[in-house]
>>> print(open('model-v2.cif').read())   # mmCIF, C-alpha atoms
data_data
#
loop_
_atom_site.label_atom_id
_atom_site.label_comp_id
_atom_site.auth_asym_id
_atom_site.auth_seq_id
_atom_site.Cartn_x
_atom_site.Cartn_y
_atom_site.Cartn_z
CA GLU E 1 107.18 73.85 81.65
CA ASN E 2 109.51 71.96 83.99
CA ALA E 3 106.48 70.82 85.97
CA ILE E 4 104.95 69.39 82.78
CA LYS E 5 108.24 67.70 81.85
CA MET E 6 108.37 66.18 85.32
CA ALA E 7 104.76 64.94 85.16
CA ARG E 8 105.19 63.40 81.71
CA TYR E 9 108.48 61.76 82.65
CA ALA E 10 107.21 60.36 85.94
CA THR E 11 103.93 58.98 84.59
CA GLY E 12 104.97 57.99 81.08
CA ARG E 13 101.85 59.76 79.82
CA GLN E 14 101.53 62.71 77.48
CA ASN E 15 98.30 64.69 78.01
CA VAL E 16 97.58 67.47 80.50
CA VAL E 17 94.23 68.92 81.54
CA THR E 18 94.22 72.67 82.11
CA MET E 19 91.61 75.06 83.49
CA GLN E 20 89.68 77.40 81.20
CA GLY E 21 90.72 80.97 81.97
CA ALA E 22 94.12 80.00 83.37
CA TYR E 23 97.38 81.83 82.74
CA HIS E 24 100.66 79.91 82.94
CA GLY E 25 103.05 81.86 80.71
CA ARG E 26 104.08 83.00 77.24
CA THR E 27 106.55 80.34 76.10
CA PHE E 28 105.23 77.75 73.67
CA ALA E 29 104.15 75.04 76.12
CA THR E 30 102.80 77.53 78.65
CA MET E 31 100.94 79.39 75.89
CA ALA E 32 99.22 76.13 75.08
CA MET E 33 98.09 75.93 78.70
CA THR E 34 96.92 79.55 78.81
CA THR E 35 93.32 80.47 78.00
CA SER E 36 92.81 83.65 80.06
CA SER E 37 92.89 85.71 76.87
CA ARG E 38 93.58 85.03 73.21
CA ILE E 39 96.21 87.81 73.21
CA TYR E 40 98.77 85.38 74.67
CA ARG E 41 98.19 82.78 71.91
CA GLN E 42 97.02 84.55 68.78
CA LYS E 43 99.09 84.16 65.60
CA PHE E 44 101.60 81.80 67.27
CA ALA E 45 100.06 78.50 66.15
CA PRO E 46 100.75 75.66 65.97
CA LEU E 47 101.19 75.43 69.72
CA VAL E 48 102.51 72.45 71.69
CA PRO E 49 99.94 69.61 71.55
CA GLY E 50 98.59 67.60 74.45
CA PHE E 51 96.81 70.28 76.50
CA TYR E 52 93.04 70.14 77.02
CA PRO E 53 91.10 72.91 78.84
CA SER E 54 88.20 72.14 81.15
CA PRO E 55 85.94 74.73 82.82
CA PHE E 56 87.15 76.36 86.04
CA PRO E 57 84.46 76.87 88.71
CA TYR E 58 83.79 80.58 88.13
CA GLU E 59 80.75 80.91 90.36
CA HIS E 60 79.91 84.50 89.44
CA HIS E 61 79.38 83.29 85.88
CA GLY E 62 77.37 80.26 86.90
CA VAL E 63 80.01 77.51 86.98
CA SER E 64 79.97 75.66 90.32
CA SER E 65 82.34 73.00 91.60
CA ASP E 66 79.76 70.36 90.73
CA ALA E 67 79.41 71.70 87.19
CA ALA E 68 83.18 71.89 86.71
CA MET E 69 83.66 68.31 87.90
CA LYS E 70 80.87 67.09 85.60
CA ASP E 71 82.55 68.78 82.65
CA LEU E 72 85.82 67.16 83.63
CA ASP E 73 84.16 63.74 83.69
CA LEU E 74 82.65 64.50 80.29
CA LEU E 75 86.08 65.39 78.90
CA MET E 76 87.28 61.97 80.03
CA GLN E 77 84.39 60.28 78.24
CA GLN E 78 84.45 62.27 75.01
CA VAL E 79 88.09 63.21 74.43
CA LEU E 80 90.71 61.68 76.73
CA HIS E 81 91.39 58.21 78.05
CA PRO E 82 92.43 58.33 81.73
CA ASP E 83 95.50 56.22 80.99
CA GLU E 84 96.79 59.01 78.72
CA VAL E 85 96.55 61.85 81.28
CA ALA E 86 99.80 62.80 82.99
CA ALA E 87 98.48 65.68 85.09
CA VAL E 88 95.87 68.29 85.82
CA ILE E 89 97.21 71.81 86.39
CA LEU E 90 95.42 74.75 87.98
CA GLU E 91 95.91 78.08 89.70
CA PRO E 92 94.09 78.00 93.07
CA VAL E 93 93.07 81.56 92.29
CA LEU E 94 92.76 82.42 88.60
CA GLY E 95 95.20 85.26 88.01
CA GLU E 96 94.96 86.84 84.58
CA GLY E 97 91.63 85.03 84.27
CA GLY E 98 89.96 87.36 86.77
CA TYR E 99 91.26 86.87 90.33
CA VAL E 100 88.74 84.09 90.92
CA PRO E 101 89.36 81.85 93.95
CA ALA E 102 88.46 78.20 93.47
CA PRO E 103 85.54 77.14 95.70
CA PRO E 104 86.70 75.55 98.99
CA ASP E 105 85.99 71.95 97.94
CA PHE E 106 87.32 72.06 94.40
CA ILE E 107 91.04 71.42 94.85
CA GLN E 108 90.45 68.41 97.10
CA ARG E 109 88.00 66.98 94.57
CA LEU E 110 90.49 67.61 91.79
CA LYS E 111 93.27 65.83 93.69
CA ALA E 112 91.03 62.80 94.26
CA PHE E 113 90.10 62.85 90.56
CA CYS E 114 93.78 62.85 89.58
CA HIS E 115 94.77 60.06 91.90
CA ASP E 116 91.85 57.86 90.87
CA MET E 117 93.29 57.73 87.36
CA GLY E 118 96.98 57.74 88.33
CA ALA E 119 97.62 61.32 87.22
CA LEU E 120 99.43 64.08 89.11
CA LEU E 121 98.00 67.33 90.45
CA ILE E 122 100.11 70.37 89.59
CA VAL E 123 99.32 73.60 91.42
CA ASP E 124 100.66 76.84 89.90
CA GLU E 125 101.28 79.24 92.79
CA VAL E 126 103.48 81.65 90.84
CA GLN E 127 101.12 84.51 91.64
CA THR E 128 99.41 83.19 94.78
CA GLY E 129 102.40 81.91 96.73
CA PHE E 130 104.43 83.36 99.60
CA GLY E 131 101.72 85.19 101.49
CA ARG E 132 99.79 86.76 98.64
CA THR E 133 96.55 85.01 99.65
CA GLY E 134 97.15 85.23 103.41
CA THR E 135 98.90 81.87 103.79
CA TYR E 136 102.28 80.75 102.50
CA PHE E 137 100.54 78.91 99.67
CA ALA E 138 96.87 79.12 98.78
CA CYS E 139 96.43 75.36 98.41
CA ASP E 140 98.00 74.72 101.81
CA SER E 141 95.32 76.58 103.77
CA GLU E 142 92.27 75.77 105.86
CA ARG E 143 90.07 77.00 103.02
CA TYR E 144 91.30 74.22 100.76
CA GLY E 145 91.82 71.57 103.43
CA ASN E 146 95.62 71.88 103.39
CA VAL E 147 95.93 70.10 100.06
CA SER E 148 99.43 68.94 99.16
CA PRO E 149 99.83 68.90 95.37
CA ASP E 150 102.06 66.38 93.66
CA ILE E 151 104.00 69.22 92.02
CA LEU E 152 104.07 72.85 93.18
CA VAL E 153 105.26 75.73 90.99
CA CYS E 154 106.27 79.07 92.50
CA ALA E 155 108.09 82.28 91.59
CA LYS E 156 107.39 86.07 91.87
CA GLY E 157 106.92 86.46 95.64
CA ILE E 158 109.61 83.91 96.46
CA ALA E 159 112.27 86.60 96.02
CA SER E 160 110.32 89.87 95.94
CA GLY E 161 110.53 90.10 92.16
CA PHE E 162 114.11 88.95 91.67
CA PRO E 163 114.29 86.34 88.87
CA LEU E 164 113.86 83.08 90.74
CA SER E 165 111.40 80.22 90.44
CA ALA E 166 111.05 76.75 91.89
CA VAL E 167 109.36 73.45 91.14
CA ALA E 168 108.77 71.35 94.25
CA THR E 169 107.74 67.70 94.37
CA ARG E 170 108.25 64.46 96.24
CA ALA E 171 111.48 62.49 95.87
CA GLU E 172 109.60 59.52 94.46
CA ILE E 173 108.62 61.70 91.49
CA SER E 174 111.84 63.66 90.94
CA ASP E 175 114.04 60.58 91.39
CA LYS E 176 112.48 59.03 88.30
CA MET E 177 114.18 61.67 86.14
CA ASP E 178 117.62 60.99 84.75
CA PRO E 179 120.38 63.53 85.49
CA GLY E 180 120.47 66.27 82.88
CA THR E 181 116.78 66.18 82.01
CA MET E 182 116.15 69.33 84.09
CA GLY E 183 118.24 72.47 84.41
CA GLY E 184 118.97 75.90 83.03
CA THR E 185 121.69 78.51 82.59
CA TYR E 186 120.41 80.77 85.36
CA SER E 187 119.35 78.12 87.87
CA GLY E 188 120.35 78.92 91.43
CA ASN E 189 121.43 82.51 90.76
CA ALA E 190 123.26 83.58 93.91
CA VAL E 191 121.83 87.11 94.13
CA ALA E 192 118.27 85.90 93.53
CA CYS E 193 118.71 83.16 96.16
CA ALA E 194 119.96 85.74 98.68
CA ALA E 195 116.89 87.87 97.91
CA ALA E 196 114.67 84.84 98.48
CA ILE E 197 116.20 84.12 101.88
CA ALA E 198 115.80 87.77 102.89
CA THR E 199 112.20 87.77 101.65
CA GLN E 200 111.29 84.73 103.77
CA GLN E 201 112.86 86.37 106.81
CA VAL E 202 110.81 89.53 106.30
CA ILE E 203 107.60 87.54 105.80
CA ARG E 204 108.28 85.75 109.09
CA ASP E 205 109.69 88.60 111.19
CA GLU E 206 107.21 91.28 110.13
CA GLY E 207 104.11 89.08 110.32
CA LEU E 208 103.21 89.57 106.68
CA LEU E 209 100.92 86.53 106.43
CA GLU E 210 98.66 88.02 109.08
CA ASN E 211 98.94 91.48 107.51
CA SER E 212 97.96 90.04 104.13
CA ARG E 213 94.86 88.46 105.67
CA LYS E 214 93.85 91.57 107.62
CA MET E 215 94.52 94.08 104.85
CA GLY E 216 92.78 91.84 102.32
CA GLU E 217 89.71 91.72 104.54
CA ARG E 218 89.81 95.51 104.85
CA LEU E 219 90.19 95.96 101.11
CA ARG E 220 87.27 93.64 100.32
CA ALA E 221 85.12 95.34 102.97
CA ASN E 222 85.91 98.76 101.48
CA LEU E 223 85.13 97.59 97.96
CA ARG E 224 81.88 95.96 99.11
CA ASP E 225 80.89 99.26 100.71
CA LEU E 226 81.53 100.82 97.32
CA GLN E 227 79.49 98.02 95.73
CA ASP E 228 76.60 98.79 98.10
CA LYS E 229 76.70 102.41 96.92
CA HIS E 230 76.84 101.43 93.24
CA PRO E 231 75.20 97.98 92.90
CA ASP E 232 74.37 98.59 89.24
CA LEU E 233 78.07 99.08 88.46
CA ILE E 234 80.07 96.72 90.68
CA ALA E 235 78.96 93.16 90.05
CA ASP E 236 81.35 91.18 92.24
CA VAL E 237 84.12 91.64 94.82
CA ARG E 238 86.19 88.54 95.55
CA GLY E 239 89.61 87.31 96.57
CA LEU E 240 91.88 85.83 99.21
CA GLY E 241 94.34 87.85 101.27
CA CYS E 242 95.86 90.70 99.28
CA MET E 243 94.72 89.25 95.95
CA VAL E 244 91.37 90.89 95.25
CA GLY E 245 89.26 91.29 92.11
CA MET E 246 86.44 93.76 91.42
CA GLU E 247 84.28 92.86 88.42
CA LEU E 248 82.06 95.47 86.80
CA HIS E 249 78.62 94.93 85.29
CA PRO E 250 78.92 94.49 81.51
CA ASP E 251 75.83 96.61 80.86
CA ARG E 252 77.47 99.57 82.63
CA ALA E 253 81.12 98.95 81.83
CA GLY E 254 81.71 98.09 78.21
CA PRO E 255 84.92 96.93 76.53
CA GLY E 256 87.80 99.26 77.28
CA THR E 257 86.60 100.27 80.75
CA LYS E 258 89.53 98.53 82.45
CA ALA E 259 92.06 100.58 80.53
CA LYS E 260 90.19 103.83 81.19
CA LEU E 261 89.96 103.10 84.90
CA SER E 262 93.63 102.14 85.09
CA GLN E 263 94.59 105.43 83.44
CA ALA E 264 92.27 107.44 85.70
CA CYS E 265 93.84 105.81 88.76
CA LEU E 266 97.33 106.49 87.38
CA ASP E 267 96.38 110.14 86.96
CA ARG E 268 95.68 110.09 90.70
CA ASP E 269 99.05 108.43 91.47
CA MET E 270 97.80 104.89 91.88
CA LEU E 271 98.94 101.87 89.85
CA ILE E 272 96.27 99.25 89.13
CA LEU E 273 95.66 96.90 86.23
CA GLY E 274 92.73 95.05 84.79
CA CYS E 275 92.53 91.33 84.12
CA SER E 276 90.16 88.80 82.52
CA VAL E 277 88.12 89.06 79.33
CA PHE E 278 85.45 90.55 81.60
CA GLU E 279 85.82 94.08 82.92
CA THR E 280 87.68 93.20 86.10
CA MET E 281 90.21 95.20 88.12
CA ARG E 282 92.85 93.45 90.18
CA PHE E 283 94.16 94.71 93.49
CA ILE E 284 97.53 93.24 94.47
CA PRO E 285 99.12 95.58 97.02
CA PRO E 286 102.47 94.89 98.71
CA LEU E 287 102.15 92.56 101.69
CA THR E 288 103.49 95.43 103.82
CA VAL E 289 100.50 97.64 102.94
CA SER E 290 98.99 99.70 105.78
CA PRO E 291 95.32 100.35 106.65
CA GLY E 292 95.71 103.96 105.55
CA GLU E 293 97.04 102.91 102.16
CA ILE E 294 94.15 100.47 101.69
CA ASP E 295 91.65 103.21 102.49
CA ARG E 296 93.40 105.68 100.20
CA ALA E 297 93.38 103.14 97.38
CA THR E 298 89.66 102.44 97.55
CA ASP E 299 88.92 106.17 97.82
CA THR E 300 91.06 106.71 94.71
CA VAL E 301 89.16 104.03 92.80
CA GLU E 302 85.83 105.70 93.60
CA LYS E 303 87.15 109.06 92.43
CA ALA E 304 88.59 107.48 89.29
CA LEU E 305 85.21 105.88 88.52
CA ALA E 306 83.72 109.35 88.74
CA ASP E 307 86.47 110.74 86.50
CA ILE E 308 85.44 108.37 83.69
CA GLY E 309 81.74 109.04 84.22
CA LEU E 310 80.65 105.76 85.79
CA VAL E 311 79.52 107.16 89.17
#
>>> encode(input="model-v2.cif", output="structure tokens")
Amino acid sequence: ENAIKMARYATGRQNVVTMQGAYHGRTFATMAMTTSSRIYRQKFAPLVPGFYPSPFPYEHHGVSSDAAMKDLDLLMQQVLHPDEVAAVILEPVLGEGGYVPAPPDFIQRLKAFCHDMGALLIVDEVQTGFGRTGTYFACDSERYGNVSPDILVCAKGIASGFPLSAVATRAEISDKMDPGTMGGTYSGNAVACAAAIATQQVIRDEGLLENSRKMGERLRANLRDLQDKHPDLIADVRGLGCMVGMELHPDRAGPGTKAKLSQACLDRDMLILGCSVFETMRFIPPLTVSPGEIDRATDTVEKALADIGLV
């Protein structure tokens, strides 16, 4: 929400384009930006106005970068005037929406789109930041051409789960805001800040960016081996670093499969959750995960699939 306040204040504009399938939070403005599932929005209307979803390039479901950009152009012709758009916000990897990485060209194209109409690009790296995708931030990687957003939002991994978040931007944007327009009771909590400093030291000293890349590759390779064994069940394996999604075929895995598989894994001492309105499981191991733990996890998933009668 602070990122949206900053964008509106700096540009003098009111509207924000969001990505279909995104998750940004459960407070009123972030609910209005969230379309990963109706559960986060239902029965809370009216929500905060001024947010307009546009398709995210979900290639497994037939939406390419080209198609997503065409839909964005159409939104500008049918609904929004460019002079009224303060920002476009996206997750570089859809989180609750299915662990779907944006195609390599999409974020650069989106930044150019924003700047052509004088809007700001906001990148939400709450879930992807601090090594989760194998680089410090997903957008600042070779895959995405080292894109620098106008506003960057981060939390979660910044302090290993301690309650801390940050909104980063350029001085020319933040300096436009009058003193007192941003702030909060718990800003700069000393214990959380100490945890953040310690977390960054561990990421650096223990080589966790490289470990995230290597273990993510191992996890995806293991899951693709499982996909090769059960191609009628596992439709897609995708992800960056230690942020991996496994989507099941809808004709084999009906509604409720995610919950059954989560419970079957829990019965075998493994914690895993589903995500998306499609039957998708998310793998988000600690950045310190070992090869043996990756192998045990994928073996557990195969056994759990058998426990619920899918293999």
>>> residues_around(input="model-v2.cif", residues="Pro55 (chain E)", least_positions_apart="6", cutoff="7 Å", atoms="all atoms listed in the file", output="PDB file with C-alpha atoms, keeping the file's coordinate frame")
ATOM      1  CA  MET E  19      91.610  75.060  83.490  1.00  0.00           C
ATOM      2  CA  GLN E  20      89.680  77.400  81.200  1.00  0.00           C
ATOM      3  CA  ALA E  68      83.180  71.890  86.710  1.00  0.00           C
ATOM      4  CA  ASP E  71      82.550  68.780  82.650  1.00  0.00           C
TER       5      ASP E  71
END
>>> residues_around(input="model-v2.cif", residues="region 254-270 of chain E", least_positions_apart="6", cutoff="9 Å", atoms="only C-alpha atoms", output="list in words")
Leu248, Val277, Phe278, Glu279, Thr280, Met281, Ala297, Thr300, Val301, Lys303, Ala304, Leu305, Asp307 and Ile308 of chain E
>>> resolve_selection(input="model-v2.cif", expression="the PyMOL selection byres ((chain E and resi 28) around 9)", output="number ranges by chain")
E: 25-27, 29-33, 41, 44, 47-48
>>> residues_around(input="model-v2.cif", residues="region 160-162 of chain E", least_positions_apart="3", cutoff="8 Å", atoms="all atoms listed in the file", output="list in words")
Lys156, Gly157, Ala192, Ala195, Ala196 and Thr199 of chain E
>>> resolve_selection(input="model-v2.cif", expression="the PyMOL selection byres ((chain E and resi 59) around 12)", output="PyMOL selection string")
chain E and resi 55-58+60-68+98+100-104+106+236+238
>>> atom_distance(input="model-v2.cif", atom1="CA of Met243 (chain E)", atom2="CA of Ser54 (chain E)")
23.5 Å
>>> resolve_selection(input="model-v2.cif", expression="the PyMOL selection byres ((chain E and resi 213-224) around 10)", output="ChimeraX atom specification")
/E:131-135,208-212,225-231,234-246,283-285,287-295,297-299,301-302
>>> atom_distance(input="model-v2.cif", atom1="CA of Val126 (chain E)", atom2="CA of His249 (chain E)")
28.7 Å
>>> closest_residue(input="model-v2.cif", among="E:Ala166, E:Leu121, E:Ile203, E:Ala306", to="Asn189 (chain E)", atoms="all atoms listed in the file")
E:Ala166
>>> atom_distance(input="model-v2.cif", atom1="CA of Thr169 (chain E)", atom2="CA of Val93 (chain E)")
20.3 Å
>>> residues_around(input="model-v2.cif", residues="Val153 (chain E)", least_positions_apart="5", cutoff="12 Å", atoms="all atoms listed in the file", output="NGL selection string")
:E and (1-4 or 6 or 24 or 89-92 or 121-130 or 137-139 or 158 or 164-169)
>>> write_last_selection(input="model-v2.cif", atoms="C-alpha atoms", output="short mmCIF file (atom, residue, chain, number, x, y, z; two decimals), in the coordinates of the input")
data_model
loop_
_atom_site.label_atom_id
_atom_site.label_comp_id
_atom_site.auth_asym_id
_atom_site.auth_seq_id
_atom_site.Cartn_x
_atom_site.Cartn_y
_atom_site.Cartn_z
CA GLU E 1 107.18 73.85 81.65
CA ASN E 2 109.51 71.96 83.99
CA ALA E 3 106.48 70.82 85.97
CA ILE E 4 104.95 69.39 82.78
CA MET E 6 108.37 66.18 85.32
CA HIS E 24 100.66 79.91 82.94
CA ILE E 89 97.21 71.81 86.39
CA LEU E 90 95.42 74.75 87.98
CA GLU E 91 95.91 78.08 89.70
CA PRO E 92 94.09 78.00 93.07
CA LEU E 121 98.00 67.33 90.45
CA ILE E 122 100.11 70.37 89.59
CA VAL E 123 99.32 73.60 91.42
CA ASP E 124 100.66 76.84 89.90
CA GLU E 125 101.28 79.24 92.79
CA VAL E 126 103.48 81.65 90.84
CA GLN E 127 101.12 84.51 91.64
CA THR E 128 99.41 83.19 94.78
CA GLY E 129 102.40 81.91 96.73
CA PHE E 130 104.43 83.36 99.60
CA PHE E 137 100.54 78.91 99.67
CA ALA E 138 96.87 79.12 98.78
CA CYS E 139 96.43 75.36 98.41
CA ILE E 158 109.61 83.91 96.46
CA LEU E 164 113.86 83.08 90.74
CA SER E 165 111.40 80.22 90.44
CA ALA E 166 111.05 76.75 91.89
CA VAL E 167 109.36 73.45 91.14
CA ALA E 168 108.77 71.35 94.25
CA THR E 169 107.74 67.70 94.37
#
>>> decode(input="model-v2.cif", residues="region 62-73 of chain E", atoms="all heavy atoms", output="mmCIF file, in the first residue's frame")
data_model
loop_
_atom_site.group_PDB
_atom_site.id
_atom_site.type_symbol
_atom_site.label_atom_id
_atom_site.label_comp_id
_atom_site.auth_asym_id
_atom_site.auth_seq_id
_atom_site.Cartn_x
_atom_site.Cartn_y
_atom_site.Cartn_z
ATOM 1 N N GLY E 62 -1.647 -20.655 -22.187
ATOM 2 C CA GLY E 62 -1.799 -20.047 -23.499
ATOM 3 C C GLY E 62 -1.674 -18.551 -23.587
ATOM 4 O O GLY E 62 -2.002 -17.962 -24.621
ATOM 5 N N VAL E 63 -1.186 -17.886 -22.521
ATOM 6 C CA VAL E 63 -1.026 -16.432 -22.555
ATOM 7 C C VAL E 63 0.465 -16.113 -22.660
ATOM 8 O O VAL E 63 1.217 -16.295 -21.696
ATOM 9 C CB VAL E 63 -1.623 -15.760 -21.308
ATOM 10 C CG1 VAL E 63 -1.485 -14.239 -21.421
ATOM 11 C CG2 VAL E 63 -3.080 -16.153 -21.123
ATOM 12 N N SER E 64 0.895 -15.651 -23.823
ATOM 13 C CA SER E 64 2.296 -15.307 -24.069
ATOM 14 C C SER E 64 2.563 -13.857 -23.687
ATOM 15 O O SER E 64 1.639 -13.087 -23.388
ATOM 16 C CB SER E 64 2.626 -15.512 -25.540
ATOM 17 O OG SER E 64 1.870 -14.597 -26.334
ATOM 18 N N SER E 65 3.834 -13.474 -23.741
ATOM 19 C CA SER E 65 4.183 -12.062 -23.527
ATOM 20 C C SER E 65 3.484 -11.173 -24.545
ATOM 21 O O SER E 65 2.947 -10.111 -24.205
ATOM 22 C CB SER E 65 5.700 -11.863 -23.641
ATOM 23 O OG SER E 65 6.345 -12.164 -22.442
ATOM 24 N N ASP E 66 3.499 -11.599 -25.802
ATOM 25 C CA ASP E 66 2.859 -10.805 -26.854
ATOM 26 C C ASP E 66 1.372 -10.622 -26.568
ATOM 27 O O ASP E 66 0.830 -9.519 -26.690
ATOM 28 C CB ASP E 66 3.043 -11.473 -28.221
ATOM 29 C CG ASP E 66 4.459 -11.326 -28.755
ATOM 30 O OD1 ASP E 66 5.210 -10.473 -28.241
ATOM 31 O OD2 ASP E 66 4.814 -12.067 -29.691
ATOM 32 N N ALA E 67 0.713 -11.717 -26.173
ATOM 33 C CA ALA E 67 -0.719 -11.646 -25.893
ATOM 34 C C ALA E 67 -0.995 -10.739 -24.699
ATOM 35 O O ALA E 67 -1.946 -9.942 -24.706
ATOM 36 C CB ALA E 67 -1.271 -13.044 -25.643
ATOM 37 N N ALA E 68 -0.156 -10.838 -23.663
ATOM 38 C CA ALA E 68 -0.351 -10.013 -22.470
ATOM 39 C C ALA E 68 -0.164 -8.532 -22.793
ATOM 40 O O ALA E 68 -0.919 -7.670 -22.314
ATOM 41 C CB ALA E 68 0.613 -10.438 -21.367
ATOM 42 N N MET E 69 0.830 -8.217 -23.615
ATOM 43 C CA MET E 69 1.059 -6.817 -23.986
ATOM 44 C C MET E 69 -0.080 -6.289 -24.866
ATOM 45 O O MET E 69 -0.483 -5.123 -24.732
ATOM 46 C CB MET E 69 2.394 -6.670 -24.702
ATOM 47 C CG MET E 69 3.619 -6.923 -23.821
ATOM 48 S SD MET E 69 3.694 -5.927 -22.306
ATOM 49 C CE MET E 69 3.730 -4.259 -22.965
ATOM 50 N N LYS E 70 -0.618 -7.129 -25.742
ATOM 51 C CA LYS E 70 -1.755 -6.703 -26.565
ATOM 52 C C LYS E 70 -2.967 -6.408 -25.697
ATOM 53 O O LYS E 70 -3.694 -5.430 -25.930
ATOM 54 C CB LYS E 70 -2.081 -7.780 -27.594
ATOM 55 C CG LYS E 70 -1.086 -7.858 -28.748
ATOM 56 C CD LYS E 70 -1.471 -8.946 -29.738
ATOM 57 C CE LYS E 70 -0.457 -9.038 -30.880
ATOM 58 N NZ LYS E 70 -0.791 -10.128 -31.837
ATOM 59 N N ASP E 71 -3.197 -7.245 -24.690
ATOM 60 C CA ASP E 71 -4.319 -7.000 -23.778
ATOM 61 C C ASP E 71 -4.114 -5.721 -22.977
ATOM 62 O O ASP E 71 -5.074 -4.998 -22.678
ATOM 63 C CB ASP E 71 -4.497 -8.189 -22.832
ATOM 64 C CG ASP E 71 -5.208 -9.354 -23.500
ATOM 65 O OD1 ASP E 71 -6.077 -9.109 -24.353
ATOM 66 O OD2 ASP E 71 -4.892 -10.508 -23.173
ATOM 67 N N LEU E 72 -2.868 -5.442 -22.641
ATOM 68 C CA LEU E 72 -2.571 -4.210 -21.918
ATOM 69 C C LEU E 72 -2.843 -2.995 -22.797
ATOM 70 O O LEU E 72 -3.430 -1.994 -22.346
ATOM 71 C CB LEU E 72 -1.108 -4.236 -21.469
ATOM 72 C CG LEU E 72 -0.650 -3.251 -20.394
ATOM 73 C CD1 LEU E 72 -1.541 -3.311 -19.168
ATOM 74 C CD2 LEU E 72 0.797 -3.558 -20.022
ATOM 75 N N ASP E 73 -2.438 -3.073 -24.051
ATOM 76 C CA ASP E 73 -2.741 -1.987 -24.992
ATOM 77 C C ASP E 73 -4.253 -1.798 -25.146
ATOM 78 O O ASP E 73 -4.752 -0.670 -25.223
ATOM 79 C CB ASP E 73 -2.117 -2.280 -26.357
ATOM 80 C CG ASP E 73 -0.604 -2.110 -26.357
ATOM 81 O OD1 ASP E 73 -0.096 -1.336 -25.532
ATOM 82 O OD2 ASP E 73 0.068 -2.772 -27.175
#
